[in-house]
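Here is the structure we will look at.
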Amino acid sequence: MQRRELIRLGVASGLLGLLGLRCSSASKLRLPVAVATWNHGRQAVEMAWQTLRQGGSLLDAVEAGVRVVEADPNVRTVGLGGYPDATGRVTLDASIMEGTGRCGAVAFLEGFLHPVSVARRVMEKTPHVFLVGEGARAFALEEGFEEVNLLTPEAEQDWLRWKEQQNTPAPPPPNLENTNRIDVDNHDTVGLLMADATGRLAGACSTSGAAFKMRGRVGDSPIIGAGLFVDNEVGAACATGWGEGVIRIAGSHLIVELMRQGDDPTIACRKAVVRYRARTSDDTLQVAFLALRRDGAIGAYSLLPGFTYAVKEAGRKVRLQQAPSLLS
Ligand code: GLY
C-alpha cells in the first residue's frame, strides 16, 4: 500500500514534470499570503497580516502572529494555558526563520510567555541558532523578558486528572504515544508561514509540546528542518502533530526540497505524510504539514482527517480550510 502510494505519487509528479507542467492541486494565492495551522491559525494570520500592512517586516509579522496564540489561555498546546509535562511544569519550544537561512530557536524553556520572541532574539543577538533549558532561561532574563506562571487552573486540573489515571490499578503505560493522543483532538503547534509581495518568506512556530510529556522532552517545533524550514528560493513548510514522527523524516526540510524539485506544495506535503507512515506502524497519531511556495501557492496534507489551517491572501478575508488526509 505504502509502496503503491509512493509509486503513484512519483509517477504522477514525474509525468507532469516531463510535460513541463505543475500539478494543480494547490491553489496559487495573491501575495502577500499568510497561512497558519489549526483553527487558532485564524488569529495568527490576521495579526501577521496587520503587522505587515502597518509597515512591519516579515519577521515582525510572523512573530506577532504566533505571539497571539502563545498568549491565548484557551489553547492547550501552545504557551499560556498549554499542558504541562508529567511533573506539572509547562515547558515551551519555538523557532523562527527567514528565507535567507537566518534562524533561531529555543527549547525546554520555562516561564516565559513568548518563546517565539526569545527565539528571534537568539537569532539576532547571539552567534548561535538554538538555546535550551537553563541557558535559554538565563538568556531570556538577560534580554529583559519577564518570568510568568504559564500553568492555568484549567490545564492544572487536566494534569491532576491525568496523574490520577496513572495511579489507577491498571493504567495504560505512561509513554509518549499515549500522552500524545491528546493532540489528535487538541489543536497542536501553531505554525505560521508568510510570503510578502515580492515572494520573500518567513515562518515561525511555537508549542508546549505533547501533553504530560516526559520531563526534558523536546518535539519537532524548535528543530529547524523538522518543525519549520524556509528558503526564499523555493518556499516554506511547517509541521504539526506527533513531533517524534516529524523529526524522524526532517519533515519541513523534506517538503521544501520536494518543492525545489518541482513538486506542487500539496503533493510535497502528501509525500512527507507517506514517508512518515512508511517509518511508523502507528496510524493513530496525527501528523500534518503546511507549505507555502514563494509564488503564493499553498498546500497541506495530514495523516488523519481533521487538520485545519487558516489562510489570508491579498484582497480576501481570512478563511479556514480543511486539509486532505491520507487516511479516512
Ligand atoms: N508538534 C509538536 C510537538 O510534538 O512537540
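Just remember, in the C-alpha cells the first chain shown is A, the second B, etc., residues are 1-based per chain, and ligands are 1-based in the order shown.
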Select the residues contacting ligand 1 at a distance of at most 6 Å, based on only C-alpha atoms and all ligand atoms, then format the selection as a CSV table (one decimal) with N, CA, C and O atoms, in the first residue's frame.
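This is the output file pocket_37.csv:
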```csv
chain,number,residue,atom,x,y,z
A,189,THR,N,0.6,22.5,17.7
A,189,THR,CA,1.5,23.6,17.4
A,189,THR,C,0.9,24.7,16.6
A,189,THR,O,0.2,24.4,15.6
A,207,THR,N,5.1,25.9,20.6
A,207,THR,CA,4.3,24.8,21.2
A,207,THR,C,4.7,24.6,22.6
A,207,THR,O,5.8,24.8,23.0
A,209,GLY,N,4.2,21.5,23.4
A,209,GLY,CA,4.6,20.1,23.1
A,209,GLY,C,3.5,19.1,23.5
A,209,GLY,O,2.4,19.4,23.8
A,210,ALA,N,3.9,17.8,23.6
A,210,ALA,CA,3.0,16.8,23.9
A,210,ALA,C,2.5,16.9,25.3
A,210,ALA,O,3.3,17.2,26.2
A,219,GLY,N,10.1,18.4,21.1
A,219,GLY,CA,9.5,18.0,19.9
A,219,GLY,C,10.1,18.5,18.6
A,219,GLY,O,11.3,19.0,18.7
A,220,ASP,N,9.4,18.5,17.6
A,220,ASP,CA,9.9,19.0,16.3
A,220,ASP,C,9.9,20.5,16.1
A,220,ASP,O,10.7,21.0,15.3
A,221,SER,N,9.0,21.2,16.8
A,221,SER,CA,8.8,22.6,16.5
A,221,SER,C,10.1,23.5,16.6
A,221,SER,O,10.2,24.4,15.8
A,240,THR,N,2.9,19.9,12.2
A,240,THR,CA,2.1,19.9,13.5
A,240,THR,C,1.8,18.4,13.7
A,240,THR,O,1.8,17.6,12.8
A,241,GLY,N,1.5,18.1,15.0
A,241,GLY,CA,1.2,16.7,15.3
A,241,GLY,C,2.4,16.1,16.1
A,241,GLY,O,3.1,16.7,16.8
A,242,TRP,N,2.5,14.8,15.9
A,242,TRP,CA,3.4,14.0,16.7
A,242,TRP,C,4.9,14.3,16.3
A,242,TRP,O,5.4,13.9,15.3
A,243,GLY,N,5.5,15.1,17.2
A,243,GLY,CA,6.8,15.6,16.9
A,243,GLY,C,7.9,14.6,16.6
A,243,GLY,O,8.7,14.8,15.7
```
May I have a table of the residues of segment 203-253 of chain A lying at most 8 Å from segment 64-74 of chain A, giving each one's closest pair of atoms and their distance in Å to one decimal, counting only C-alpha atoms, ordered by chain and ascending residue number, as CSV?
```
residue,atom,partner,partner_atom,distance
A:Ala204,CA,A:Val66,CA,7.0
A:Cys205,CA,A:Val66,CA,6.7
A:Ser206,CA,A:Val66,CA,7.0
```
Would you save the residues of that selection, restricted to all heavy atoms, as a PDB file, in the first residue's frame?
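What landed in out_26.pdb:
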```
ATOM      1  N   ALA A 204       7.377  30.888  11.541  1.00  0.00           N
ATOM      2  CA  ALA A 204       7.638  30.715  12.974  1.00  0.00           C
ATOM      3  C   ALA A 204       6.716  29.641  13.503  1.00  0.00           C
ATOM      4  O   ALA A 204       5.628  29.420  12.951  1.00  0.00           O
ATOM      5  CB  ALA A 204       7.387  32.023  13.718  1.00  0.00           C
ATOM      6  N   CYS A 205       7.140  28.963  14.552  1.00  0.00           N
ATOM      7  CA  CYS A 205       6.211  28.056  15.221  1.00  0.00           C
ATOM      8  C   CYS A 205       6.495  28.005  16.710  1.00  0.00           C
ATOM      9  O   CYS A 205       7.576  28.377  17.168  1.00  0.00           O
ATOM     10  CB  CYS A 205       6.173  26.684  14.572  1.00  0.00           C
ATOM     11  SG  CYS A 205       7.694  25.844  14.474  1.00  0.00           S
ATOM     12  N   SER A 206       5.488  27.562  17.464  1.00  0.00           N
ATOM     13  CA  SER A 206       5.577  27.579  18.918  1.00  0.00           C
ATOM     14  C   SER A 206       4.657  26.510  19.498  1.00  0.00           C
ATOM     15  O   SER A 206       3.559  26.288  18.979  1.00  0.00           O
ATOM     16  CB  SER A 206       5.140  28.967  19.417  1.00  0.00           C
ATOM     17  OG  SER A 206       5.275  29.063  20.812  1.00  0.00           O
TER      18      SER A 206
END
```
For segment 111-116 of chain A, find every residue with an atom within 10 Å (counting only C-alpha atoms), except residues of its own chain fewer than 4 positions away, and show them as a compact mmCIF listing (two decimals) with all heavy atoms, in the first residue's frame.
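New file result.txt:
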```
# COMPACT_ATOMS: atom_id res chain seq x y z
N VAL A 62 5.46 37.41 11.35
CA VAL A 62 5.28 36.01 11.80
C VAL A 62 5.42 35.92 13.32
O VAL A 62 4.72 35.14 13.98
CB VAL A 62 6.21 35.01 11.07
CG1 VAL A 62 5.85 34.93 9.59
CG2 VAL A 62 7.68 35.32 11.27
N GLU A 63 6.30 36.74 13.87
CA GLU A 63 6.45 36.74 15.33
C GLU A 63 5.15 37.22 15.99
O GLU A 63 4.64 36.58 16.92
CB GLU A 63 7.62 37.65 15.75
CG GLU A 63 7.82 37.71 17.26
CD GLU A 63 8.82 38.78 17.70
OE1 GLU A 63 9.38 39.49 16.83
OE2 GLU A 63 9.03 38.92 18.92
N ALA A 64 4.62 38.32 15.48
CA ALA A 64 3.40 38.88 16.08
C ALA A 64 2.23 37.90 15.97
O ALA A 64 1.43 37.75 16.90
CB ALA A 64 3.04 40.21 15.40
N VAL A 66 2.30 34.58 15.84
CA VAL A 66 2.48 33.46 16.76
C VAL A 66 2.28 33.91 18.21
O VAL A 66 1.73 33.18 19.04
CB VAL A 66 3.87 32.81 16.54
CG1 VAL A 66 4.26 31.90 17.70
CG2 VAL A 66 3.85 32.02 15.23
N ARG A 67 2.67 35.14 18.52
CA ARG A 67 2.51 35.65 19.89
C ARG A 67 1.05 35.67 20.33
O ARG A 67 0.74 35.47 21.49
CB ARG A 67 3.10 37.07 19.97
CG ARG A 67 4.60 37.09 20.11
CD ARG A 67 5.13 38.51 19.97
NE ARG A 67 4.70 39.39 21.03
CZ ARG A 67 5.45 39.73 22.09
NH1 ARG A 67 6.67 39.28 22.21
NH2 ARG A 67 4.98 40.54 23.01
N VAL A 68 0.15 35.93 19.38
CA VAL A 68 -1.28 35.97 19.74
C VAL A 68 -1.71 34.60 20.29
O VAL A 68 -2.42 34.51 21.30
CB VAL A 68 -2.14 36.33 18.51
CG1 VAL A 68 -3.62 36.27 18.84
CG2 VAL A 68 -1.79 37.70 17.98
N VAL A 69 -1.27 33.54 19.64
CA VAL A 69 -1.67 32.19 20.08
C VAL A 69 -0.96 31.84 21.38
O VAL A 69 -1.54 31.21 22.28
CB VAL A 69 -1.40 31.15 18.96
CG1 VAL A 69 -1.94 29.79 19.37
CG2 VAL A 69 -2.02 31.59 17.64
N GLU A 70 0.31 32.25 21.49
CA GLU A 70 1.04 31.97 22.74
C GLU A 70 0.34 32.60 23.95
O GLU A 70 0.39 32.06 25.06
CB GLU A 70 2.47 32.54 22.65
CG GLU A 70 3.37 31.74 21.72
CD GLU A 70 4.78 32.33 21.59
OE1 GLU A 70 4.95 33.54 21.84
OE2 GLU A 70 5.68 31.57 21.21
N ALA A 71 -0.30 33.73 23.74
CA ALA A 71 -0.93 34.45 24.86
C ALA A 71 -2.37 34.00 25.11
O ALA A 71 -3.00 34.47 26.07
CB ALA A 71 -0.90 35.95 24.58
N ASP A 72 -2.90 33.10 24.29
CA ASP A 72 -4.29 32.67 24.43
C ASP A 72 -4.38 31.52 25.44
O ASP A 72 -3.92 30.41 25.17
CB ASP A 72 -4.82 32.22 23.06
CG ASP A 72 -6.30 31.86 23.10
OD1 ASP A 72 -6.82 31.61 24.22
OD2 ASP A 72 -6.92 31.79 22.03
N VAL A 78 -0.07 25.40 23.29
CA VAL A 78 0.85 26.50 22.98
C VAL A 78 0.87 27.47 24.17
O VAL A 78 -0.20 27.85 24.67
CB VAL A 78 0.41 27.29 21.72
CG1 VAL A 78 1.38 28.43 21.42
CG2 VAL A 78 0.26 26.38 20.51
N GLY A 79 2.05 27.87 24.60
CA GLY A 79 2.22 28.99 25.53
C GLY A 79 1.37 28.94 26.79
O GLY A 79 1.17 27.88 27.41
N LEU A 80 0.82 30.11 27.16
CA LEU A 80 -0.03 30.23 28.35
C LEU A 80 -1.22 29.27 28.23
O LEU A 80 -1.92 29.27 27.22
CB LEU A 80 -0.54 31.68 28.44
CG LEU A 80 -1.48 31.99 29.60
CD1 LEU A 80 -0.77 31.90 30.94
CD2 LEU A 80 -2.11 33.37 29.42
N ARG A 89 5.05 20.92 35.05
CA ARG A 89 5.68 22.18 34.64
C ARG A 89 5.52 22.39 33.12
O ARG A 89 5.76 21.46 32.34
CB ARG A 89 7.15 22.19 35.04
CG ARG A 89 7.32 22.36 36.54
CD ARG A 89 8.72 22.17 37.01
NE ARG A 89 9.06 20.76 37.14
CZ ARG A 89 10.18 20.30 37.68
NH1 ARG A 89 11.09 21.13 38.13
NH2 ARG A 89 10.42 19.00 37.76
N VAL A 90 5.13 23.61 32.75
CA VAL A 90 4.93 23.93 31.33
C VAL A 90 6.29 24.25 30.71
O VAL A 90 6.97 25.18 31.17
CB VAL A 90 3.98 25.13 31.16
CG1 VAL A 90 3.77 25.45 29.67
CG2 VAL A 90 2.65 24.87 31.84
N THR A 91 6.69 23.50 29.71
CA THR A 91 7.96 23.78 29.03
C THR A 91 7.68 24.02 27.55
O THR A 91 6.90 23.30 26.93
CB THR A 91 8.97 22.61 29.20
OG1 THR A 91 8.53 21.49 28.46
CG2 THR A 91 9.15 22.24 30.66
N LEU A 92 8.30 25.04 27.02
CA LEU A 92 7.93 25.54 25.69
C LEU A 92 9.07 25.40 24.67
O LEU A 92 10.25 25.53 25.02
CB LEU A 92 7.52 27.01 25.79
CG LEU A 92 6.40 27.32 26.80
CD1 LEU A 92 6.16 28.81 26.88
CD2 LEU A 92 5.12 26.60 26.41
N ASP A 93 8.67 25.19 23.42
CA ASP A 93 9.61 25.11 22.29
C ASP A 93 9.14 26.08 21.21
O ASP A 93 7.93 26.17 20.95
CB ASP A 93 9.58 23.71 21.65
CG ASP A 93 9.89 22.57 22.61
OD1 ASP A 93 10.54 22.82 23.64
OD2 ASP A 93 9.46 21.44 22.32
N ALA A 94 10.07 26.77 20.55
CA ALA A 94 9.67 27.68 19.47
C ALA A 94 10.83 27.90 18.50
O ALA A 94 12.00 27.74 18.88
CB ALA A 94 9.21 29.02 20.03
N SER A 95 10.49 28.27 17.29
CA SER A 95 11.53 28.63 16.32
C SER A 95 11.02 29.70 15.37
O SER A 95 9.80 29.91 15.23
CB SER A 95 11.98 27.39 15.51
OG SER A 95 10.90 26.87 14.78
N ILE A 96 11.96 30.37 14.73
CA ILE A 96 11.63 31.41 13.76
C ILE A 96 12.70 31.36 12.67
O ILE A 96 13.87 31.05 12.95
CB ILE A 96 11.55 32.79 14.46
CG1 ILE A 96 10.96 33.86 13.54
CG2 ILE A 96 12.92 33.23 14.99
CD1 ILE A 96 10.46 35.10 14.29
N GLY A 104 16.47 31.10 14.50
CA GLY A 104 16.72 30.99 15.93
C GLY A 104 15.69 30.09 16.57
O GLY A 104 14.57 29.96 16.05
N ALA A 105 16.06 29.47 17.67
CA ALA A 105 15.13 28.54 18.33
C ALA A 105 15.43 28.44 19.81
O ALA A 105 16.57 28.67 20.25
CB ALA A 105 15.24 27.16 17.68
N VAL A 106 14.39 28.08 20.57
CA VAL A 106 14.55 27.76 21.98
C VAL A 106 13.76 26.49 22.27
O VAL A 106 12.75 26.21 21.62
CB VAL A 106 14.04 28.89 22.92
CG1 VAL A 106 14.97 30.09 22.89
CG2 VAL A 106 12.61 29.29 22.59
N ALA A 107 14.24 25.74 23.26
CA ALA A 107 13.50 24.54 23.66
C ALA A 107 13.65 24.32 25.15
O ALA A 107 14.61 24.81 25.76
CB ALA A 107 14.02 23.32 22.90
N ARG A 120 13.64 34.58 18.41
CA ARG A 120 14.09 35.64 17.49
C ARG A 120 15.32 36.35 18.05
O ARG A 120 16.26 36.68 17.32
CB ARG A 120 12.96 36.65 17.25
CG ARG A 120 13.38 37.75 16.31
CD ARG A 120 12.25 38.62 15.88
NE ARG A 120 12.75 39.71 15.04
CZ ARG A 120 12.00 40.66 14.54
NH1 ARG A 120 10.70 40.66 14.75
NH2 ARG A 120 12.54 41.61 13.80
N ARG A 121 15.31 36.57 19.35
CA ARG A 121 16.45 37.22 19.99
C ARG A 121 17.71 36.34 19.87
O ARG A 121 18.82 36.84 19.70
CB ARG A 121 16.10 37.47 21.45
CG ARG A 121 16.36 38.82 22.05
CD ARG A 121 15.96 40.03 21.29
NE ARG A 121 14.66 40.54 21.63
CZ ARG A 121 14.35 41.22 22.72
NH1 ARG A 121 15.25 41.50 23.63
NH2 ARG A 121 13.13 41.66 22.90
N VAL A 122 17.54 35.02 19.99
CA VAL A 122 18.67 34.11 19.81
C VAL A 122 19.26 34.32 18.42
O VAL A 122 20.48 34.42 18.23
CB VAL A 122 18.25 32.62 19.99
CG1 VAL A 122 19.37 31.68 19.58
CG2 VAL A 122 17.82 32.36 21.43
N ALA A 136 18.72 28.91 27.97
CA ALA A 136 17.71 29.72 27.27
C ALA A 136 17.03 30.66 28.27
O ALA A 136 16.76 31.83 27.97
CB ALA A 136 16.68 28.82 26.61
N ARG A 137 16.78 30.16 29.47
CA ARG A 137 16.14 30.97 30.51
C ARG A 137 17.04 32.14 30.91
O ARG A 137 16.58 33.29 31.01
CB ARG A 137 15.83 30.09 31.73
CG ARG A 137 15.24 30.83 32.88
CD ARG A 137 14.84 29.90 34.01
NE ARG A 137 14.46 30.70 35.16
CZ ARG A 137 15.32 31.13 36.09
NH1 ARG A 137 16.58 30.79 36.01
NH2 ARG A 137 14.90 31.87 37.09
N ALA A 140 17.01 34.68 28.21
CA ALA A 140 15.74 35.43 28.16
C ALA A 140 15.72 36.50 29.26
O ALA A 140 15.30 37.64 29.02
CB ALA A 140 14.56 34.47 28.31
N LEU A 141 16.18 36.14 30.44
CA LEU A 141 16.22 37.11 31.55
C LEU A 141 17.17 38.27 31.23
O LEU A 141 16.83 39.43 31.42
CB LEU A 141 16.63 36.42 32.85
CG LEU A 141 15.57 35.50 33.48
CD1 LEU A 141 16.16 34.73 34.66
CD2 LEU A 141 14.34 36.31 33.92
N PHE A 145 13.16 39.68 29.21
CA PHE A 145 11.84 39.01 29.21
C PHE A 145 11.45 38.70 30.66
O PHE A 145 12.29 38.29 31.46
CB PHE A 145 11.90 37.70 28.40
CG PHE A 145 12.06 37.93 26.93
CD1 PHE A 145 13.33 37.92 26.33
CD2 PHE A 145 10.96 38.15 26.12
CE1 PHE A 145 13.48 38.13 24.97
CE2 PHE A 145 11.10 38.36 24.75
CZ PHE A 145 12.36 38.35 24.18
N GLU A 146 10.15 38.91 30.95
CA GLU A 146 9.68 38.70 32.33
C GLU A 146 9.23 37.27 32.54
O GLU A 146 8.59 36.68 31.67
CB GLU A 146 8.47 39.60 32.58
CG GLU A 146 8.86 40.92 33.15
CD GLU A 146 7.63 41.79 33.36
OE1 GLU A 146 6.57 41.26 33.75
OE2 GLU A 146 7.75 42.99 33.11
N GLU A 147 9.50 36.75 33.74
CA GLU A 147 9.03 35.40 34.05
C GLU A 147 7.56 35.44 34.49
O GLU A 147 7.16 36.33 35.23
CB GLU A 147 9.89 34.79 35.15
CG GLU A 147 11.21 34.28 34.61
CD GLU A 147 12.02 33.54 35.64
OE1 GLU A 147 12.46 34.20 36.60
OE2 GLU A 147 12.22 32.33 35.49
N VAL A 148 6.79 34.48 33.98
CA VAL A 148 5.36 34.40 34.35
C VAL A 148 5.00 32.94 34.62
O VAL A 148 5.70 32.03 34.18
CB VAL A 148 4.45 34.92 33.20
CG1 VAL A 148 4.59 36.41 32.99
CG2 VAL A 148 4.72 34.18 31.89
N ASN A 149 3.88 32.75 35.31
CA ASN A 149 3.37 31.39 35.52
C ASN A 149 2.47 31.04 34.33
O ASN A 149 1.48 31.72 34.07
CB ASN A 149 2.57 31.34 36.83
CG ASN A 149 1.92 29.98 37.00
OD1 ASN A 149 2.38 28.98 36.45
ND2 ASN A 149 0.84 29.94 37.77
N LEU A 150 2.80 29.98 33.62
CA LEU A 150 2.05 29.61 32.42
C LEU A 150 0.99 28.55 32.69
O LEU A 150 0.18 28.24 31.81
CB LEU A 150 3.02 29.09 31.34
CG LEU A 150 4.06 30.10 30.86
CD1 LEU A 150 5.12 29.40 30.03
CD2 LEU A 150 3.41 31.22 30.05
N LEU A 151 1.03 27.96 33.87
CA LEU A 151 0.09 26.86 34.18
C LEU A 151 -1.23 27.45 34.66
O LEU A 151 -1.33 27.97 35.78
CB LEU A 151 0.69 25.95 35.25
CG LEU A 151 -0.11 24.70 35.60
CD1 LEU A 151 -0.23 23.77 34.39
CD2 LEU A 151 0.54 23.96 36.77
N ALA A 204 7.38 30.89 11.54
CA ALA A 204 7.64 30.72 12.97
C ALA A 204 6.72 29.64 13.50
O ALA A 204 5.63 29.42 12.95
CB ALA A 204 7.39 32.02 13.72
N CYS A 205 7.14 28.96 14.55
CA CYS A 205 6.21 28.06 15.22
C CYS A 205 6.49 28.01 16.71
O CYS A 205 7.58 28.38 17.17
CB CYS A 205 6.17 26.68 14.57
SG CYS A 205 7.69 25.84 14.47
N SER A 206 5.49 27.56 17.46
CA SER A 206 5.58 27.58 18.92
C SER A 206 4.66 26.51 19.50
O SER A 206 3.56 26.29 18.98
CB SER A 206 5.14 28.97 19.42
OG SER A 206 5.28 29.06 20.81
N THR A 207 5.10 25.86 20.57
CA THR A 207 4.28 24.80 21.17
C THR A 207 4.68 24.55 22.62
O THR A 207 5.81 24.83 23.02
CB THR A 207 4.45 23.48 20.37
OG1 THR A 207 3.56 22.50 20.89
CG2 THR A 207 5.86 22.94 20.45
N SER A 208 3.73 24.01 23.37
CA SER A 208 4.06 23.47 24.69
C SER A 208 4.31 21.97 24.57
O SER A 208 4.54 21.29 25.57
CB SER A 208 2.94 23.77 25.70
OG SER A 208 1.70 23.35 25.20
N PRO A 222 10.97 23.29 17.54
CA PRO A 222 12.14 24.18 17.57
C PRO A 222 13.28 23.66 16.69
O PRO A 222 14.35 24.29 16.65
CB PRO A 222 12.55 24.13 19.05
CG PRO A 222 12.20 22.75 19.47
CD PRO A 222 10.97 22.36 18.67
```
task = Could you please write out, as a PyMOL selection string, every residue of segment 128-272 of chain A that DSSP assigns to helix (DSSP H, G or I)?
result = chain A and resi 133-142+153-166+176-180+182-185+243-248+251-260+265-272
Go through segment 281-312 of chain A and flag each residue having an atom no more than 8 Å from segment 258-273 of chain A; for those, report the closest pair of atoms plus their distance in Å to one decimal, using only C-alpha atoms, ordered by chain and rising number, as a Markdown table.
```
| residue | atom | partner | partner_atom | distance |
| --- | --- | --- | --- | --- |
| A:Val287 | CA | A:Val273 | CA | 7.2 |
| A:Ala288 | CA | A:Val273 | CA | 7.1 |
| A:Phe289 | CA | A:Cys269 | CA | 5.7 |
| A:Leu290 | CA | A:Cys269 | CA | 6.8 |
| A:Ala291 | CA | A:Pro265 | CA | 5.7 |
| A:Leu292 | CA | A:Pro265 | CA | 6.7 |
| A:Arg293 | CA | A:Pro265 | CA | 6.7 |
| A:Ala297 | CA | A:Pro265 | CA | 7.0 |
| A:Ile298 | CA | A:Pro265 | CA | 5.8 |
| A:Gly299 | CA | A:Thr266 | CA | 4.0 |
| A:Ala300 | CA | A:Thr266 | CA | 5.4 |
| A:Tyr301 | CA | A:Cys269 | CA | 5.4 |
| A:Ser302 | CA | A:Val273 | CA | 6.5 |
| A:Leu303 | CA | A:Val273 | CA | 6.0 |
```
Distance query segment 305-310 of chain A at most 12 Å, only C-alpha atoms, self and fewer than 4 positions along chain excluded, as a VMD selection string = chain A and resid 33 to 46 48 65 183 to 194 238 to 241 283 to 291 298 to 301 317 to 328
ask   = Hey, what's within 7 Å of Asp85 of chain A if we count only C-alpha atoms and toss same-chain stuff fewer than 2 positions away? As a ChimeraX atom specification, please?
value = /A:83,87-90,211-215
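Distance-wise, atom CA of Glu313 of chain A and atom CA of Thr100 of chain A end up 22.4 Å apart.
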inquiry  = List the spatial neighbours of Met97 of chain A as a VMD selection string - criterion: any atom at most 7 Å away, only C-alpha atoms, same-chain residues fewer than 3 positions off excluded.
reply    = chain A and resid 101 to 104 202 to 204 230
With all heavy atoms retained, could you export that selection as a compact mmCIF listing (two decimals), in the first residue's frame?
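Once everything was written out, this is again-v1.txt:
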```
# COMPACT_ATOMS: atom_id res chain seq x y z
N GLY A 101 17.85 32.04 5.41
CA GLY A 101 18.52 30.99 6.19
C GLY A 101 18.78 31.41 7.63
O GLY A 101 19.15 30.59 8.46
N ARG A 102 18.58 32.70 7.93
CA ARG A 102 18.76 33.12 9.32
C ARG A 102 17.67 32.49 10.17
O ARG A 102 16.49 32.49 9.77
CB ARG A 102 18.65 34.64 9.45
CG ARG A 102 19.86 35.38 8.94
CD ARG A 102 20.09 36.69 9.67
NE ARG A 102 18.86 37.47 9.84
CZ ARG A 102 18.71 38.39 10.79
NH1 ARG A 102 19.69 38.64 11.64
NH2 ARG A 102 17.59 39.07 10.89
N CYS A 103 18.04 31.97 11.36
CA CYS A 103 17.03 31.32 12.18
C CYS A 103 17.45 31.30 13.64
O CYS A 103 18.62 31.48 13.97
CB CYS A 103 16.76 29.90 11.69
SG CYS A 103 18.23 28.88 11.52
N GLY A 104 16.47 31.10 14.50
CA GLY A 104 16.72 30.99 15.93
C GLY A 104 15.69 30.09 16.57
O GLY A 104 14.57 29.96 16.05
N ALA A 202 9.07 34.07 5.43
CA ALA A 202 9.48 33.86 6.82
C ALA A 202 8.47 32.92 7.46
O ALA A 202 7.35 32.75 6.96
CB ALA A 202 9.55 35.17 7.60
N GLY A 203 8.87 32.31 8.56
CA GLY A 203 7.96 31.41 9.27
C GLY A 203 8.33 31.34 10.74
O GLY A 203 9.45 31.69 11.15
N ALA A 204 7.38 30.89 11.54
CA ALA A 204 7.64 30.72 12.97
C ALA A 204 6.72 29.64 13.50
O ALA A 204 5.63 29.42 12.95
CB ALA A 204 7.39 32.02 13.72
N VAL A 230 12.43 27.33 5.88
CA VAL A 230 12.07 28.44 4.99
C VAL A 230 13.26 28.74 4.07
O VAL A 230 14.39 28.87 4.53
CB VAL A 230 11.75 29.72 5.82
CG1 VAL A 230 11.23 30.82 4.91
CG2 VAL A 230 10.72 29.43 6.92
```
request  = Taking the DSSP assignment computed from this structure's backbone, write out as a ChimeraX atom specification all residues of segment 108-172 of chain A that belong to strand (DSSP E or B).
outcome  = /A:108-109,112,130-132,147
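If you measure from each of A:Gly82, A:Gly315, A:Gly225, A:Gly55 to Leu31 of chain A using only C-alpha atoms, the closest one turns out to be A:Gly315.
Of the listed residues (A:Thr152, A:Thr126, A:Thr198, A:Thr280), A:Thr198 comes nearest to Arg30 of chain A; the distances count only C-alpha atoms.
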